[in-house]
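Engineer: My file is start_12.txt. It has compact mmCIF, C-alpha atoms:
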```txt
# COMPACT_ATOMS: atom_id res chain seq x y z
CA MET Y 237 200.15 70.40 186.29
CA LEU Y 238 197.64 72.02 188.67
CA ARG Y 239 200.42 74.02 190.32
CA TYR Y 240 201.57 75.25 186.91
CA LEU Y 241 198.07 76.41 186.04
CA SER Y 242 197.27 78.06 189.36
CA SER Y 243 200.57 79.83 190.02
CA PRO Y 244 199.95 82.69 187.53
CA PHE Y 245 196.63 83.45 189.23
CA LYS Y 246 198.11 83.44 192.74
CA TRP Y 247 200.90 85.72 191.61
CA PHE Y 248 198.41 87.98 189.81
CA PHE Y 249 196.12 88.29 192.83
CA LYS Y 250 198.95 89.18 195.22
CA LEU Y 251 200.20 91.81 192.78
CA GLU Y 252 196.80 93.42 192.14
CA ALA Y 253 195.86 93.40 195.83
CA ALA Y 254 199.04 95.22 196.82
CA SER Y 255 198.84 97.73 193.96
CA GLY Y 256 195.29 98.64 194.99
CA LEU Y 257 196.61 100.09 198.23
CA VAL Y 258 199.26 102.08 196.33
CA LEU Y 259 196.52 103.40 194.03
CA LEU Y 260 194.52 104.58 197.03
CA PHE Y 261 197.56 106.41 198.41
CA ALA Y 262 198.22 108.10 195.03
CA ALA Y 263 194.59 109.26 194.77
CA VAL Y 264 194.59 110.68 198.30
CA ILE Y 265 197.84 112.56 197.65
CA ALA Y 266 196.41 113.97 194.39
CA LEU Y 267 193.29 115.20 196.20
CA PHE Y 268 195.40 116.77 198.95
CA ILE Y 269 197.77 118.58 196.57
CA SER Y 270 194.99 119.78 194.24
CA ASN Y 271 193.34 121.45 197.24
CA SER Y 272 196.48 122.95 198.74
CA ASN Y 273 198.78 125.86 197.97
CA PHE Y 274 200.48 123.60 195.41
CA SER Y 275 197.34 123.21 193.27
CA ASP Y 276 198.51 125.63 190.57
CA LEU Y 277 201.86 123.81 190.33
CA TYR Y 278 200.01 120.47 190.11
CA PHE Y 279 197.66 121.47 187.27
CA ASN Y 280 200.25 123.56 185.40
CA THR Y 281 202.73 120.69 185.44
CA LEU Y 282 200.17 118.31 183.98
CA ASN Y 283 199.50 120.78 181.16
CA ASN Y 284 203.15 121.42 180.33
CA TYR Y 285 204.36 120.13 176.96
CA ILE Y 286 207.20 117.62 176.67
CA PHE Y 287 208.93 116.85 173.37
CA ILE Y 288 210.41 113.40 172.82
CA GLY Y 289 212.45 112.91 169.66
CA ILE Y 290 215.51 114.08 167.74
CA ASN Y 291 215.62 117.56 166.19
CA GLU Y 292 212.20 118.03 164.54
CA ILE Y 293 211.39 114.31 164.36
CA GLY Y 294 209.38 113.36 167.39
CA LEU Y 295 206.21 113.97 169.33
CA LYS Y 296 205.17 116.86 171.55
CA LEU Y 297 202.40 116.18 174.08
CA THR Y 298 201.33 117.52 177.46
CA VAL Y 299 202.36 115.57 180.54
CA ILE Y 300 198.78 114.39 181.07
CA HIS Y 301 198.59 113.16 177.47
CA TRP Y 302 201.89 111.30 177.75
CA ILE Y 303 200.43 109.54 180.78
CA ASN Y 304 196.96 108.87 179.34
CA ASP Y 305 198.00 108.03 175.77
CA ALA Y 306 201.50 106.53 176.02
CA LEU Y 307 201.83 105.01 179.49
CA MET Y 308 198.25 103.77 179.48
CA ALA Y 309 198.97 102.00 176.19
CA ILE Y 310 201.45 99.92 178.20
CA PHE Y 311 198.73 99.35 180.81
CA PHE Y 312 196.32 98.11 178.14
CA PHE Y 313 199.10 95.97 176.66
CA PHE Y 314 199.50 94.35 180.09
CA VAL Y 315 195.75 93.93 180.58
CA THR Y 316 195.36 92.25 177.17
CA LEU Y 317 198.22 89.87 177.97
CA GLU Y 318 196.26 88.87 181.10
CA ILE Y 319 193.04 88.45 179.14
CA LYS Y 320 194.75 86.33 176.49
CA ARG Y 321 196.40 84.08 179.08
CA GLU Y 322 193.16 83.61 181.00
CA PHE Y 323 191.25 82.61 177.87
CA LEU Y 324 194.01 80.27 176.66
CA GLN Y 325 194.98 78.64 179.91
CA GLY Y 326 193.47 80.27 182.96
CA GLU Y 327 190.12 80.67 184.69
CA LEU Y 328 188.32 81.58 181.46
CA SER Y 329 189.61 78.65 179.38
CA ASN Y 330 186.84 76.36 180.67
CA ILE Y 331 183.43 77.51 179.45
CA LYS Y 332 181.65 76.22 182.57
CA GLN Y 333 184.00 78.16 184.83
CA ALA Y 334 183.83 81.22 182.61
CA LEU Y 335 180.04 81.45 182.26
CA LEU Y 336 179.30 83.00 185.66
CA PRO Y 337 181.86 85.85 185.48
CA ILE Y 338 180.97 86.46 181.83
CA ILE Y 339 177.24 86.75 182.60
CA ALA Y 340 177.96 88.82 185.72
CA ALA Y 341 180.27 91.14 183.77
CA VAL Y 342 177.60 91.72 181.12
CA GLY Y 343 175.08 92.67 183.80
CA GLY Y 344 177.71 94.80 185.53
CA MET Y 345 178.32 96.78 182.35
CA LEU Y 346 174.75 96.99 181.03
CA VAL Y 347 172.79 98.07 184.13
CA PRO Y 348 175.13 100.96 185.19
CA ALA Y 349 175.09 102.27 181.62
CA LEU Y 350 171.27 102.20 181.62
CA VAL Y 351 171.18 104.00 184.97
CA TYR Y 352 173.45 106.75 183.63
CA VAL Y 353 171.41 107.04 180.41
CA TYR Y 354 168.19 107.34 182.43
CA ILE Y 355 169.64 110.21 184.50
CA ASN Y 356 171.13 112.01 181.48
CA PHE Y 357 168.47 111.22 178.88
CA GLY Y 358 167.81 114.16 176.57
CA ASP Y 359 171.20 115.83 177.00
CA ALA Y 360 173.44 114.86 174.07
CA GLU Y 361 176.61 116.24 175.68
CA THR Y 362 176.39 114.52 179.06
CA LEU Y 363 174.90 111.36 177.54
CA ASN Y 364 178.30 110.65 175.98
CA GLY Y 365 179.54 109.54 179.39
CA TRP Y 366 177.25 106.48 179.49
CA ALA Y 367 180.16 104.01 179.70
CA ILE Y 368 181.90 105.67 182.68
CA PRO Y 369 180.13 103.70 185.46
CA SER Y 370 180.43 100.41 183.54
CA ALA Y 371 184.09 99.89 184.46
CA THR Y 372 185.60 98.01 187.41
CA ASP Y 373 189.04 98.79 188.84
CA ILE Y 374 190.56 95.34 189.35
CA ALA Y 375 193.46 96.53 191.51
CA PHE Y 376 191.28 98.50 193.93
CA SER Y 377 188.59 95.81 194.22
CA LEU Y 378 191.12 93.02 194.83
CA GLY Y 379 192.98 95.29 197.23
CA VAL Y 380 189.83 95.57 199.36
CA LEU Y 381 189.35 91.79 199.24
CA SER Y 382 192.93 91.30 200.42
CA LEU Y 383 192.11 93.32 203.57
CA LEU Y 384 189.34 90.82 204.37
CA GLY Y 385 191.75 87.89 204.34
CA ARG Y 386 190.24 84.44 204.84
CA ARG Y 387 186.71 85.79 205.19
CA VAL Y 388 186.59 85.68 201.40
CA PRO Y 389 186.96 82.20 199.86
CA LEU Y 390 189.47 81.77 197.05
CA SER Y 391 186.63 80.95 194.64
CA LEU Y 392 185.16 84.46 195.07
CA LYS Y 393 188.57 86.04 194.51
CA VAL Y 394 188.84 84.01 191.29
CA PHE Y 395 185.32 85.10 190.34
CA LEU Y 396 186.08 88.80 190.91
CA THR Y 397 189.37 88.56 189.02
CA ALA Y 398 187.73 86.85 186.04
CA LEU Y 399 184.81 89.32 186.07
CA ALA Y 400 187.15 92.32 186.17
CA ILE Y 401 189.25 90.92 183.33
CA ILE Y 402 186.13 90.46 181.18
CA ASP Y 403 185.06 93.94 182.26
CA ASP Y 404 188.40 95.27 180.99
CA LEU Y 405 187.80 93.50 177.68
CA GLY Y 406 184.41 95.21 177.47
CA ALA Y 407 186.04 98.58 178.21
CA ILE Y 408 188.57 98.01 175.43
CA LEU Y 409 185.78 97.27 172.95
CA ILE Y 410 183.78 100.30 174.09
CA ILE Y 411 186.81 102.58 173.68
CA ALA Y 412 187.55 101.21 170.20
CA LEU Y 413 183.94 101.41 168.99
CA PHE Y 414 182.50 104.50 170.67
CA TYR Y 415 185.33 106.80 171.71
CA SER Y 416 187.34 107.21 168.53
CA GLY Y 417 187.74 110.53 166.73
CA ASP Y 418 187.78 111.39 163.03
CA LEU Y 419 189.44 108.46 161.31
CA SER Y 420 192.41 108.78 158.95
CA ILE Y 421 192.42 106.18 156.16
CA LYS Y 422 196.16 106.70 155.68
CA TYR Y 423 197.10 105.91 159.26
CA LEU Y 424 194.49 103.17 159.59
CA SER Y 425 196.15 101.48 156.60
CA LEU Y 426 199.58 101.85 158.22
CA MET Y 427 198.10 100.39 161.45
CA LEU Y 428 196.84 97.38 159.51
CA ILE Y 429 200.22 96.85 157.85
CA ALA Y 430 202.03 97.03 161.20
CA PHE Y 431 199.56 94.58 162.75
CA LEU Y 432 200.00 92.17 159.84
CA ILE Y 433 203.78 92.32 160.29
CA LEU Y 434 203.31 91.44 163.96
CA LEU Y 435 201.13 88.46 162.97
CA VAL Y 436 203.85 87.27 160.60
CA ILE Y 437 206.44 87.53 163.38
CA ASN Y 438 204.10 85.52 165.61
CA LYS Y 439 203.57 82.94 162.84
CA PHE Y 440 207.32 82.31 162.69
CA ASN Y 441 207.23 81.78 166.48
CA VAL Y 442 209.78 84.50 167.22
CA LYS Y 443 210.59 84.26 170.95
CA LYS Y 444 212.46 87.54 171.31
CA PHE Y 445 210.45 90.60 172.31
CA LEU Y 446 212.59 93.18 170.49
CA PRO Y 447 211.02 92.67 167.00
CA TYR Y 448 207.52 92.97 168.51
CA LEU Y 449 208.56 96.10 170.42
CA VAL Y 450 210.05 97.87 167.39
CA VAL Y 451 206.97 97.24 165.23
CA GLY Y 452 204.76 98.04 168.23
CA LEU Y 453 206.26 101.53 168.57
CA PHE Y 454 205.37 102.27 164.95
CA LEU Y 455 201.93 100.78 165.57
CA TRP Y 456 201.41 103.15 168.52
CA ASP Y 457 202.38 106.19 166.43
CA PHE Y 458 200.08 105.16 163.57
CA THR Y 459 197.22 104.54 166.02
CA HIS Y 460 197.80 107.88 167.74
CA ASN Y 461 197.40 109.65 164.38
CA SER Y 462 194.57 107.47 163.07
CA GLY Y 463 191.69 108.83 165.20
CA ILE Y 464 191.50 105.64 167.27
CA HIS Y 465 192.71 106.08 170.83
CA ALA Y 466 196.41 105.28 171.10
CA THR Y 467 195.92 102.72 173.88
CA ILE Y 468 194.37 100.33 171.35
CA ALA Y 469 197.89 99.87 169.95
CA GLY Y 470 198.80 98.15 173.22
CA VAL Y 471 195.83 95.83 172.79
CA LEU Y 472 196.77 94.90 169.22
CA LEU Y 473 200.41 94.31 170.14
CA ALA Y 474 199.49 92.04 173.07
CA MET Y 475 197.23 89.95 170.82
CA THR Y 476 200.27 88.95 168.74
CA ILE Y 477 202.54 87.93 171.63
CA PRO Y 478 202.85 84.11 171.46
CA HIS Y 479 201.66 81.82 174.24
CA ARG Y 480 201.47 78.17 173.29
CA LYS Y 481 200.21 75.76 175.93
CA LYS Y 482 202.46 72.95 174.68
CA GLU Y 483 205.57 74.98 175.50
CA LYS Y 484 205.44 74.50 179.28
CA ASP Y 485 208.98 75.65 179.96
CA PHE Y 486 208.78 78.98 178.15
CA SER Y 487 206.09 81.46 177.20
CA LEU Y 488 207.03 84.90 175.86
CA LEU Y 489 203.63 86.16 177.01
CA ILE Y 490 204.12 85.07 180.63
CA LYS Y 491 207.75 86.26 180.60
CA ILE Y 492 206.72 89.75 179.47
CA GLU Y 493 203.71 89.82 181.81
CA HIS Y 494 205.91 89.06 184.82
CA ALA Y 495 208.62 91.46 183.67
CA ILE Y 496 206.42 94.55 183.28
CA SER Y 497 203.82 93.84 185.97
CA PRO Y 498 205.62 95.65 188.83
CA TYR Y 499 206.12 98.73 186.65
CA VAL Y 500 202.45 98.75 185.64
CA ALA Y 501 201.09 98.02 189.11
CA PHE Y 502 203.37 100.28 191.13
CA GLY Y 503 204.39 102.84 188.51
CA ILE Y 504 201.97 103.47 185.66
CA MET Y 505 198.69 102.94 187.51
CA PRO Y 506 199.55 105.07 190.57
CA LEU Y 507 200.94 107.77 188.26
CA PHE Y 508 197.69 107.71 186.28
CA ALA Y 509 195.71 107.94 189.51
CA PHE Y 510 197.85 110.82 190.76
CA ALA Y 511 197.46 112.71 187.47
CA ASN Y 512 193.73 112.16 187.07
CA ALA Y 513 192.25 112.08 190.59
CA GLY Y 514 193.13 115.67 191.42
CA VAL Y 515 190.03 117.84 191.61
CA SER Y 516 189.37 121.10 193.44
CA LEU Y 517 186.83 120.64 196.23
CA ASP Y 518 186.47 124.38 196.71
CA GLY Y 519 182.79 125.25 196.78
CA LEU Y 520 181.80 121.58 196.63
CA SER Y 521 178.49 120.81 198.29
CA PHE Y 522 176.02 117.96 198.38
CA SER Y 523 174.06 119.66 195.62
CA SER Y 524 177.09 119.25 193.34
CA LEU Y 525 176.46 115.50 193.38
CA LEU Y 526 172.95 116.12 192.07
CA ASP Y 527 174.27 117.41 188.74
CA LYS Y 528 173.47 114.95 185.98
CA VAL Y 529 177.00 113.72 185.28
CA PRO Y 530 178.16 112.96 188.85
CA LEU Y 531 174.70 111.68 189.85
CA GLY Y 532 174.57 109.28 186.91
CA ILE Y 533 178.06 108.01 187.73
CA VAL Y 534 177.45 107.60 191.47
CA LEU Y 535 174.14 105.78 190.99
CA GLY Y 536 175.60 103.71 188.16
CA LEU Y 537 178.66 102.61 190.11
CA PHE Y 538 177.06 102.11 193.51
CA PHE Y 539 173.59 100.78 192.59
CA GLY Y 540 173.86 99.78 188.94
CA LYS Y 541 177.01 97.68 189.32
CA GLN Y 542 175.88 95.64 192.32
CA LEU Y 543 172.39 95.09 190.91
CA GLY Y 544 173.65 94.14 187.45
CA VAL Y 545 176.25 91.69 188.75
CA PHE Y 546 174.03 90.12 191.41
CA VAL Y 547 170.76 89.86 189.46
CA PHE Y 548 172.37 88.45 186.31
CA SER Y 549 174.40 85.99 188.43
CA TYR Y 550 171.41 84.98 190.57
CA ILE Y 551 169.26 84.24 187.52
CA SER Y 552 172.01 82.25 185.78
CA ILE Y 553 172.68 80.18 188.91
CA LYS Y 554 168.98 79.51 189.58
CA LEU Y 555 168.50 78.47 185.94
CA LYS Y 556 171.57 76.21 186.36
CA ILE Y 557 173.34 77.92 183.50
CA ALA Y 558 176.25 78.63 185.86
CA GLN Y 559 177.41 77.42 189.26
CA MET Y 560 177.78 79.22 192.58
CA PRO Y 561 181.46 79.67 193.56
CA ASN Y 562 182.62 77.03 196.06
CA ASN Y 563 182.43 77.75 199.81
CA SER Y 564 180.55 81.01 199.22
CA ASN Y 565 177.06 82.17 200.20
CA TRP Y 566 174.67 84.76 198.80
CA PHE Y 567 175.74 87.38 201.35
CA ASN Y 568 179.47 87.42 200.62
CA PHE Y 569 178.72 86.90 196.92
CA TYR Y 570 176.57 90.05 197.01
CA GLY Y 571 179.35 91.85 198.86
CA VAL Y 572 181.77 91.03 196.07
CA GLY Y 573 179.17 92.33 193.61
CA VAL Y 574 179.13 95.63 195.52
CA LEU Y 575 182.91 95.89 195.22
CA THR Y 576 182.64 95.80 191.43
CA GLY Y 577 181.30 99.35 191.79
CA ILE Y 578 184.87 100.51 192.47
CA GLY Y 579 185.44 102.06 189.05
CA PHE Y 580 188.30 104.46 189.73
CA THR Y 581 191.14 103.98 187.19
CA MET Y 582 189.09 102.66 184.28
CA SER Y 583 186.13 104.97 184.96
CA LEU Y 584 188.39 108.03 185.05
CA PHE Y 585 190.06 106.89 181.85
CA VAL Y 586 186.75 106.44 180.03
CA GLY Y 587 185.61 109.81 181.42
CA ASN Y 588 188.63 111.52 179.87
CA LEU Y 589 187.69 110.03 176.50
CA ALA Y 590 183.97 110.73 176.83
CA PHE Y 591 184.44 114.43 177.57
CA VAL Y 592 187.64 115.20 175.69
CA GLU Y 593 185.78 118.01 173.91
CA ASN Y 594 183.70 119.03 176.93
CA MET Y 595 186.26 119.33 179.72
CA GLN Y 596 183.85 121.37 181.85
CA TYR Y 597 182.30 118.04 182.90
CA MET Y 598 185.56 116.46 184.09
CA ASP Y 599 185.30 117.77 187.66
CA GLY Y 600 181.86 116.18 187.84
CA VAL Y 601 183.29 112.94 186.44
CA LYS Y 602 186.03 112.86 189.08
CA ILE Y 603 183.62 113.68 191.92
CA GLY Y 604 181.16 111.03 190.71
CA VAL Y 605 183.82 108.34 190.25
CA LEU Y 606 185.48 109.02 193.61
CA THR Y 607 182.17 109.12 195.48
CA GLY Y 608 180.70 106.04 193.79
CA SER Y 609 183.92 104.08 194.29
CA LEU Y 610 184.18 105.15 197.94
CA LEU Y 611 180.57 104.12 198.68
CA SER Y 612 181.12 100.76 196.97
CA THR Y 613 184.35 100.23 198.91
CA LEU Y 614 182.87 100.96 202.33
CA PHE Y 615 179.56 99.16 201.84
CA GLY Y 616 181.12 96.12 200.19
CA TYR Y 617 183.89 95.84 202.78
CA PHE Y 618 181.62 96.04 205.83
CA LEU Y 619 178.97 93.83 204.23
CA ILE Y 620 181.49 91.01 203.80
CA LEU Y 621 183.12 91.74 207.16
CA LEU Y 622 179.80 91.40 209.01
CA THR Y 623 178.66 88.36 207.03
CA PRO Y 624 178.89 85.01 208.87
CA ASN Y 625 181.28 82.61 207.17
CA LYS Y 626 178.66 79.90 207.14
```
Go through the file and emit its structure as structure tokens.

Structural biologist:
Amino acid sequence: MLRYLSSPFKWFFKLEAASGLVLLFAAVIALFISNSNFSDLYFNTLNNYIFIGINEIGLKLTVIHWINDALMAIFFFFVTLEIKREFLQGELSNIKQALLPIIAAVGGMLVPALVYVYINFGDAETLNGWAIPSATDIAFSLGVLSLLGRRVPLSLKVFLTALAIIDDLGAILIIALFYSGDLSIKYLSLMLIAFLILLVINKFNVKKFLPYLVVGLFLWDFTHNSGIHATIAGVLLAMTIPHRKKEKDFSLLIKIEHAISPYVAFGIMPLFAFANAGVSLDGLSFSSLLDKVPLGIVLGLFFGKQLGVFVFSYISIKLKIAQMPNNSNWFNFYGVGVLTGIGFTMSLFVGNLAFVENMQYMDGVKIGVLTGSLLSTLFGYFLILLTPNK
């Protein structure tokens, strides 16, 4: 029974750790190309329109929007499958085990947001990016931990995974509540109808994915036109995929999760990183980091994240509300807290939503996210590396 419960986590960790290295490679390539003779080709390609459909029935979006709206809906579908499984049967199913990463995640989202708000207070335009430094990139952070090998106990890897999953849940809620456009009652109604149909399919315990997929495609289109970000369709669809603990031999949720995970980890996420990490460094100087948007993001990711995670965790452990992860100490625990400041994928995604109508801030967002994530990576890695095991 224990092997059955732990195997999804072991598989998940190996997958995320490996994909983090691929993400890093994609980001470096994007930075190189966007600052080379191919920069015009890079940016023009991302802004080219692609039509998918038959005759006049279909959808025409730019390449970057197909990636950020359509492919990232699959990413959020995958993430929500993970969240659902963890709450039903994984590390978050036991309230005592879940308390520490939940409390840490709350601190890790709240404090960075407050840091950003403090830096940008009084500017209504830049203030809209308050949620950017609140996100943690699970693939990158676990990828760094994988490089440290046995210096990091399994309990801390479980803690970071659970924290990042809860962090993703928080990001989903933030996107749904704060980064939606003008709402369309017509398409919101169609969204609700599609979601209800999915619930009915789930109620009848349908174990084939095709009915969910067909309704899910309509759900995505309705969501895309409703004013709510299209990625929320992936969240709603994943919520209806059945996973019943009594059915040990088969779970549609786990089957789908395993089936699409390589495509998400080694296809969608690196493609997103490649499309969104490109920024021209021409004329960049240290003073550029002192602009309100990048400064708020850097301080939020590098200082806000580690302080929020560590302080909230320390208080909860000292008050005996939660327990310290096994075989860990305060030094390597703090190091893991520093690694939560690797925002990258999720921070860039939230930045695109926050400044969709003020694209002049996007270079600052990218510079802030890359700098804050790099500082968190280096400091967290060497802190754990130089920490005695005992």

Engineer: With all atoms listed in the file as the atoms that count, which of Y:Ala412, Y:Ile603, Y:Tyr617, Y:Leu449 lies nearest to Leu383 of chain Y?

Structural biologist: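 Residue with the minimum atom-to-atom distance to Leu383 of chain Y: Y:Tyr617.
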
Engineer: From the set Y:Val529, Y:Leu610, Y:Lys556, Y:Leu381, which residue has the shortest atom-to-atom contact distance to Ala360 of chain Y, counting all atoms listed in the file?

Structural biologist: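 Comparing Y:Val529, Y:Leu610, Y:Lys556, Y:Leu381 against Ala360 of chain Y, the winner is Y:Val529.
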
Engineer: Write out, as JSON lines, each residue of segment 486-598 of chain Y that has an atom at most 6 Å from segment 368-380 of chain Y, together with the closest pair of atoms and their distance in Å to one decimal, counting all atoms listed in the file, rows going by chain and rising number.

Structural biologist:
```
{"residue": "Y:Ile533", "atom": "CA", "partner": "Y:Pro369", "partner_atom": "CA", "distance": 5.3}
{"residue": "Y:Gly536", "atom": "CA", "partner": "Y:Pro369", "partner_atom": "CA", "distance": 5.3}
{"residue": "Y:Leu537", "atom": "CA", "partner": "Y:Pro369", "partner_atom": "CA", "distance": 5.0}
{"residue": "Y:Leu575", "atom": "CA", "partner": "Y:Ser377", "partner_atom": "CA", "distance": 5.8}
{"residue": "Y:Thr576", "atom": "CA", "partner": "Y:Thr372", "partner_atom": "CA", "distance": 5.5}
{"residue": "Y:Ile578", "atom": "CA", "partner": "Y:Thr372", "partner_atom": "CA", "distance": 5.7}
{"residue": "Y:Gly579", "atom": "CA", "partner": "Y:Thr372", "partner_atom": "CA", "distance": 4.4}
{"residue": "Y:Phe580", "atom": "CA", "partner": "Y:Asp373", "partner_atom": "CA", "distance": 5.8}
{"residue": "Y:Thr581", "atom": "CA", "partner": "Y:Asp373", "partner_atom": "CA", "distance": 5.8}
{"residue": "Y:Met582", "atom": "CA", "partner": "Y:Ala371", "partner_atom": "CA", "distance": 5.7}
{"residue": "Y:Ser583", "atom": "CA", "partner": "Y:Ile368", "partner_atom": "CA", "distance": 4.9}
{"residue": "Y:Val586", "atom": "CA", "partner": "Y:Ile368", "partner_atom": "CA", "distance": 5.6}
{"residue": "Y:Gly587", "atom": "CA", "partner": "Y:Ile368", "partner_atom": "CA", "distance": 5.7}
```

Engineer: With C-alpha atoms kept, could you save the residues just selected as a PDB file, in the coordinates of the input?

Structural biologist:
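To be explicit, this is the file written out as result37.pdb:
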```pdb
ATOM      1  CA  ILE Y 533     178.060 108.010 187.730  1.00  0.00           C
ATOM      2  CA  GLY Y 536     175.600 103.710 188.160  1.00  0.00           C
ATOM      3  CA  LEU Y 537     178.660 102.610 190.110  1.00  0.00           C
ATOM      4  CA  LEU Y 575     182.910  95.890 195.220  1.00  0.00           C
ATOM      5  CA  THR Y 576     182.640  95.800 191.430  1.00  0.00           C
ATOM      6  CA  ILE Y 578     184.870 100.510 192.470  1.00  0.00           C
ATOM      7  CA  GLY Y 579     185.440 102.060 189.050  1.00  0.00           C
ATOM      8  CA  PHE Y 580     188.300 104.460 189.730  1.00  0.00           C
ATOM      9  CA  THR Y 581     191.140 103.980 187.190  1.00  0.00           C
ATOM     10  CA  MET Y 582     189.090 102.660 184.280  1.00  0.00           C
ATOM     11  CA  SER Y 583     186.130 104.970 184.960  1.00  0.00           C
ATOM     12  CA  VAL Y 586     186.750 106.440 180.030  1.00  0.00           C
ATOM     13  CA  GLY Y 587     185.610 109.810 181.420  1.00  0.00           C
TER      14      GLY Y 587
END
```

Engineer: Name the closest residue to Tyr499 of chain Y among the candidates Y:Met308, Y:Phe618, Y:Tyr278, Y:Ala466; distances are taken between atoms, counting only C-alpha atoms.

Structural biologist: Y:Met308

Engineer: Figure out the distance between atom CA of Leu611 of chain Y and atom CA of Leu399 of chain Y, please, to one decimal in Å.

Structural biologist: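 One can read the atom CA of Leu399 of chain Y to atom CA of Leu611 of chain Y distance as 19.9 Å.
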
Engineer: Could you work out how far atom CA of Leu535 of chain Y lies from atom CA of Tyr352 of chain Y, giving the answer in Å with one decimal?

Structural biologist: 7.5 Å

Engineer: Figure out the distance between atom CA of Pro498 of chain Y and atom CA of Gly573 of chain Y, please, to one decimal in Å.

Structural biologist: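 Computing the Euclidean distance for atom CA of Gly573 of chain Y and atom CA of Pro498 of chain Y yields 27.1 Å.
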
Engineer: What lies within 12 Å of Ile553 of chain Y using all atoms listed in the file, ignoring chain neighbours under 6 positions off, as a PDB file with C-alpha atoms, keeping the file's coordinate frame?

Structural biologist:
```
ATOM      1  CA  LYS Y 332     181.650  76.220 182.570  1.00  0.00           C
ATOM      2  CA  LEU Y 335     180.040  81.450 182.260  1.00  0.00           C
ATOM      3  CA  LEU Y 336     179.300  83.000 185.660  1.00  0.00           C
ATOM      4  CA  PRO Y 337     181.860  85.850 185.480  1.00  0.00           C
ATOM      5  CA  ILE Y 339     177.240  86.750 182.600  1.00  0.00           C
ATOM      6  CA  ALA Y 340     177.960  88.820 185.720  1.00  0.00           C
ATOM      7  CA  PHE Y 546     174.030  90.120 191.410  1.00  0.00           C
ATOM      8  CA  VAL Y 547     170.760  89.860 189.460  1.00  0.00           C
ATOM      9  CA  GLN Y 559     177.410  77.420 189.260  1.00  0.00           C
ATOM     10  CA  MET Y 560     177.780  79.220 192.580  1.00  0.00           C
ATOM     11  CA  PRO Y 561     181.460  79.670 193.560  1.00  0.00           C
ATOM     12  CA  TRP Y 566     174.670  84.760 198.800  1.00  0.00           C
TER      13      TRP Y 566
END
```

Engineer: Choose the residue, out of Y:Leu260, Y:Ile300, Y:Ala513, Y:Leu363, that has the smallest atom-to-atom separation from Thr613 of chain Y; count all atoms listed in the file.

Structural biologist: Y:Leu260

Engineer: Which one is closest to Thr397 of chain Y: Y:Ala501, Y:Ala306, Y:Ile319, Y:Ile293? Count only C-alpha atoms.

Structural biologist: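 Closest residue, counting only C-alpha atoms: Y:Ile319.
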
Engineer: For Asp404 of chain Y, which of Y:Gly532, Y:Gly344, Y:Pro447, Y:Pro389 is the closest residue, counting all atoms listed in the file?

Structural biologist: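 So, comparing all the options, the nearest one is Y:Gly344.
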
Engineer: With a distance cut-off of 9 Å and only C-alpha atoms, select the neighbouring residues of Leu543 of chain Y, excluding the residue or stretch itself and same-chain residues fewer than 4 positions from it, and output the selection as an MDAnalysis selection string.

Structural biologist: chainID Y and resid 343:344 347:348 538:539 547:548 570 573:574

Engineer: For the residues in that selection, give me C-alpha atoms as a PDB file, in the coordinates of the input.

Structural biologist:
```pdb
ATOM      1  CA  GLY Y 343     175.080  92.670 183.800  1.00  0.00           C
ATOM      2  CA  GLY Y 344     177.710  94.800 185.530  1.00  0.00           C
ATOM      3  CA  VAL Y 347     172.790  98.070 184.130  1.00  0.00           C
ATOM      4  CA  PRO Y 348     175.130 100.960 185.190  1.00  0.00           C
ATOM      5  CA  PHE Y 538     177.060 102.110 193.510  1.00  0.00           C
ATOM      6  CA  PHE Y 539     173.590 100.780 192.590  1.00  0.00           C
ATOM      7  CA  VAL Y 547     170.760  89.860 189.460  1.00  0.00           C
ATOM      8  CA  PHE Y 548     172.370  88.450 186.310  1.00  0.00           C
ATOM      9  CA  TYR Y 570     176.570  90.050 197.010  1.00  0.00           C
ATOM     10  CA  GLY Y 573     179.170  92.330 193.610  1.00  0.00           C
ATOM     11  CA  VAL Y 574     179.130  95.630 195.520  1.00  0.00           C
TER      12      VAL Y 574
END
```

Engineer: Enclose the full set of atoms of segment 605-622 of chain Y listed in the file within a box whose edges lie along x, y and z, apply 8 Å of padding to each of the six sides, and report centre and edge lengths in Å to one decimal as lines of an AutoDock Vina configuration file.

Structural biologist:
```
center_x = 182.2
center_y = 100.1
center_z = 199.6
size_x = 22.5
size_y = 34.1
size_z = 34.8
```

Engineer: If we count only C-alpha atoms and set the cut-off at 10 Å, which residues sit around Leu517 of chain Y, ignoring sequence neighbours fewer than 6 positions away in its own chain? Please answer as a ChimeraX atom specification.

Structural biologist: /Y:267-268,270-271,599,603

Engineer: Name all residues at most 8 Å from Ile338 of chain Y (count all atoms listed in the file; drop same-chain ones fewer than 3 positions away) and give them as a PDB file with C-alpha atoms, keeping the file's coordinate frame.

Structural biologist:
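This is the output file around13.pdb:
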```pdb
ATOM      1  CA  ALA Y 334     183.830  81.220 182.610  1.00  0.00           C
ATOM      2  CA  LEU Y 335     180.040  81.450 182.260  1.00  0.00           C
ATOM      3  CA  ALA Y 341     180.270  91.140 183.770  1.00  0.00           C
ATOM      4  CA  VAL Y 342     177.600  91.720 181.120  1.00  0.00           C
ATOM      5  CA  ALA Y 398     187.730  86.850 186.040  1.00  0.00           C
ATOM      6  CA  LEU Y 399     184.810  89.320 186.070  1.00  0.00           C
ATOM      7  CA  ILE Y 402     186.130  90.460 181.180  1.00  0.00           C
TER       8      ILE Y 402
END
```

Engineer: Neighbouring residues of segment 423-425 of chain Y were defined as those with any atom within 12 Å, considering all atoms listed in the file; residues of the same chain fewer than 4 positions away were excluded. Please report them as a list of chain:residue names.

Structural biologist: Y:Asp418, Y:Leu419, Y:Ile429, Y:Ala430, Y:Phe431, Y:Leu432, Y:Phe454, Y:Leu455, Y:Trp456, Y:Asp457, Y:Phe458, Y:Thr459, Y:His460, Y:Asn461, Y:Ser462, Y:Gly463, Y:Ile464, Y:His465, Y:Ala466, Y:Ala469
